[in-house]
Amino acid sequence: MGVYKDNSTGLWRVQIYYTDYKGESQRKQKKGFKTKKEAKQWESDFINSLDVTTDIIFIHLVNNYMDDLSPRLKVSTMSTKKNIIDKHILPFFKDIKVKDISPLLIRKWQNAILKEGYSNTFTKTINNQMSAILNYAVSFYGLQSNPVRKAGSIGKKKSDEMNFWTYDEYKIFISNITKPEDKIIFEILYYSGMRIGEMLALTPTDINFDEQTISINKSLSVINGITYITEPKTEKGKRIIGLPESIMNQLSSYMKTIYCLEKDNRIFTFARSYPAKLMNKYIKDTELKRIRTHDFRHSHASLLINLDINIMTIADRLGHEKVDTTWNTYGHLYPNKRVEVVDKLKSLEQTENK
């Protein structure tokens, strides 16, 4: 039927019949346009978005890419993707046909990103997102090859330096905290290695005081003011971790102070930014370096490495799907361990030669 005016409302609407990629007939309608021009523009954009060739405009490819991924990924992941695409990719490529995106054009875009002075890891994340979109075009829109791959990579997979506190530094920090309700936050983060979203999702049913364990099976995120409780990204993310009795006793005491705490209520209801504010407060009069809330997870991993805990055990405790992830993230903390191996081999050899 195309574009027509709804006499009952005085507004314009669009109705389109089309054949989808499965060969099935579909109908799409949109109403509420104030002018015929707005309705015609929406109709044109929608028809263009149906193009499954490299003639498709980049922004339509992105919309289709996001629609396709939406049922498959967590809301928080989609929000992160959207933020990167909207701020760092669309301003450059929005109105360009996919077939006109060449390796040289990608290089120009990459150079613009490099001039922004982002961290190496974030720069690589932006580049990887652009590559993912064009991989989608290779798979479903007939793009012969991904121009991002030909242009080459930018940024680094991991930062040059990881921030964390040693055990002694942590002890200095925690000794400055006098309020039990503040102390328990950091005790759990440091001794468990759980992510802040996992901590914020904890309920009494996740706590086993008899076994002195915490079950991690969900995560909290807040997107556009809406709170989401979702399952971990992978099965390995669901895990049960043990904690020292002293930490569990602190947690028990804290939970008893919460009025009418039901079994499915969240134990920690503060905002994600709250621990960072507390940290700044308690390190103000110390010489400790500033770290992020997430760096307590790195601090926990560092602690385990220095306790000679097997890397596979560390991977399980952190909820990593693959040991490679743990090794790629924390492998640089192991140099001294290589020296220890050599020393132990020398000691063994000397013993045998006696």
# chains A, B, ... in the order shown; residues from 1 in each chain; ligands from 1
>>> residues_around(residues="A:Ile85", least_positions_apart="4", cutoff="8 Å", atoms="only C-alpha atoms", output="short mmCIF file (atom, residue, chain, number, x, y, z; two decimals) with C-alpha atoms, in the first residue's frame")
data_model
loop_
_atom_site.label_atom_id
_atom_site.label_comp_id
_atom_site.auth_asym_id
_atom_site.auth_seq_id
_atom_site.Cartn_x
_atom_site.Cartn_y
_atom_site.Cartn_z
CA LYS A 81 28.47 -2.89 21.19
CA ILE A 89 32.30 3.71 13.85
CA LEU A 90 29.08 5.18 12.48
CA ILE A 126 36.99 -0.64 18.51
CA GLN A 129 34.05 -4.40 16.44
CA MET A 130 34.42 -2.92 12.97
#
>>> residues_around(residues="A:Lys30", least_positions_apart="3", cutoff="10 Å", atoms="only C-alpha atoms", output="ChimeraX atom specification")
/A:3,12-16,33,39,42-43
>>> residues_around(residues="A:Asp295", least_positions_apart="6", cutoff="12 Å", atoms="only C-alpha atoms", output="list in words")
Glu161, Met162, Asn163, Phe164, Trp165, Thr166, Tyr170, Phe186, Leu189, Tyr190, Gly193, Met194, Arg195, Ile196, Pro275, Ala276, Met279, Lys289, Ala301 and Ser302 of chain A
>>> atom_distance(atom1="atom CA of A:Leu202", atom2="atom CA of A:Lys218")
7.8 Å
>>> residues_around(residues="A:Tyr282", least_positions_apart="3", cutoff="9 Å", atoms="only C-alpha atoms", output="PyMOL selection string")
chain A and resi 173-174+176-177+277-279+285-286
>>> residues_around(residues="A:Ala132", least_positions_apart="4", cutoff="12 Å", atoms="only C-alpha atoms", output="MDAnalysis selection string")
chainID A and resid 61:62 65:66 69 81 85 89 125:128 136:139 146:149
>>> select_by_dssp(residues="stretch 36-261 of chain A", states="strand (DSSP E or B)", output="ChimeraX atom specification")
/A:57,97,207-208,213-216,219-223,226-230,239-242
>>> closest_residue(among="A:Gln144, A:Arg292, A:Ile305, A:Ile154", to="A:Ser273", atoms="only C-alpha atoms")
A:Arg292
>>> closest_atom_pairs(of="stretch 75-161 of chain A", to="stretch 221-230 of chain A", cutoff="9 Å", atoms="only C-alpha atoms", output="tab-separated table")
residue	atom	partner	partner_atom	distance
A:Val75	CA	A:Tyr228	CA	7.9
A:Ser76	CA	A:Ser221	CA	6.6
A:Ser79	CA	A:Ile223	CA	7.3
>>> write_last_selection(atoms="N, CA, C and O atoms", output="short mmCIF file (atom, residue, chain, number, x, y, z; two decimals), in the first residue's frame")
data_model
loop_
_atom_site.label_atom_id
_atom_site.label_comp_id
_atom_site.auth_asym_id
_atom_site.auth_seq_id
_atom_site.Cartn_x
_atom_site.Cartn_y
_atom_site.Cartn_z
N VAL A 75 22.03 -8.40 27.29
CA VAL A 75 21.67 -6.99 27.12
C VAL A 75 22.89 -6.10 27.34
O VAL A 75 23.11 -5.12 26.61
N SER A 76 23.70 -6.43 28.34
CA SER A 76 24.88 -5.61 28.64
C SER A 76 25.88 -5.65 27.49
O SER A 76 26.51 -4.63 27.15
N SER A 79 24.57 -3.51 24.69
CA SER A 79 24.71 -2.10 25.04
C SER A 79 26.13 -1.62 24.80
O SER A 79 26.35 -0.51 24.27
#
>>> closest_residue(among="A:Glu169, A:Thr121, A:Thr178, A:Ile47", to="A:Glu287", atoms="only C-alpha atoms")
A:Glu169
>>> residues_around(residues="A:Thr326", least_positions_apart="5", cutoff="8 Å", atoms="only C-alpha atoms", output="mmCIF file with all heavy atoms, in the first residue's frame")
data_model
loop_
_atom_site.group_PDB
_atom_site.id
_atom_site.type_symbol
_atom_site.label_atom_id
_atom_site.label_comp_id
_atom_site.auth_asym_id
_atom_site.auth_seq_id
_atom_site.Cartn_x
_atom_site.Cartn_y
_atom_site.Cartn_z
ATOM 1 N N ILE A 311 47.360 -23.078 37.711
ATOM 2 C CA ILE A 311 46.645 -22.120 36.859
ATOM 3 C C ILE A 311 45.273 -22.633 36.435
ATOM 4 O O ILE A 311 44.335 -21.851 36.219
ATOM 5 C CB ILE A 311 47.490 -21.738 35.622
ATOM 6 C CG1 ILE A 311 46.892 -20.492 34.954
ATOM 7 C CG2 ILE A 311 47.598 -22.914 34.650
ATOM 8 C CD1 ILE A 311 47.801 -19.833 33.959
ATOM 9 N N ILE A 314 43.015 -21.730 39.190
ATOM 10 C CA ILE A 314 42.750 -20.285 39.138
ATOM 11 C C ILE A 314 41.698 -19.988 38.073
ATOM 12 O O ILE A 314 40.777 -19.191 38.295
ATOM 13 C CB ILE A 314 44.042 -19.503 38.860
ATOM 14 C CG1 ILE A 314 45.039 -19.692 40.003
ATOM 15 C CG2 ILE A 314 43.748 -18.020 38.660
ATOM 16 C CD1 ILE A 314 46.402 -19.066 39.754
ATOM 17 N N ALA A 315 41.825 -20.624 36.911
ATOM 18 C CA ALA A 315 40.856 -20.423 35.824
ATOM 19 C C ALA A 315 39.452 -20.812 36.270
ATOM 20 O O ALA A 315 38.477 -20.099 35.992
ATOM 21 C CB ALA A 315 41.267 -21.227 34.596
ATOM 22 N N HIS A 320 36.763 -18.542 34.124
ATOM 23 C CA HIS A 320 37.210 -18.441 32.731
ATOM 24 C C HIS A 320 36.818 -19.698 31.957
ATOM 25 O O HIS A 320 36.991 -20.811 32.452
ATOM 26 C CB HIS A 320 38.721 -18.252 32.669
ATOM 27 C CG HIS A 320 39.166 -16.896 33.107
ATOM 28 N ND1 HIS A 320 40.472 -16.618 33.474
ATOM 29 C CD2 HIS A 320 38.488 -15.724 33.249
ATOM 30 C CE1 HIS A 320 40.573 -15.343 33.804
ATOM 31 N NE2 HIS A 320 39.385 -14.782 33.672
ATOM 32 N N GLY A 331 49.698 -14.449 32.656
ATOM 33 C CA GLY A 331 50.946 -15.169 32.426
ATOM 34 C C GLY A 331 52.184 -14.352 32.747
ATOM 35 O O GLY A 331 53.205 -14.892 33.178
#
>>> select_by_dssp(residues="stretch 169-343 of chain A", states="helix (DSSP H, G or I)", output="PyMOL selection string")
chain A and resi 169-175+180-192+196-200+204-206+235-237+245-256+274-282+295-306+311-318+323-333+335-343
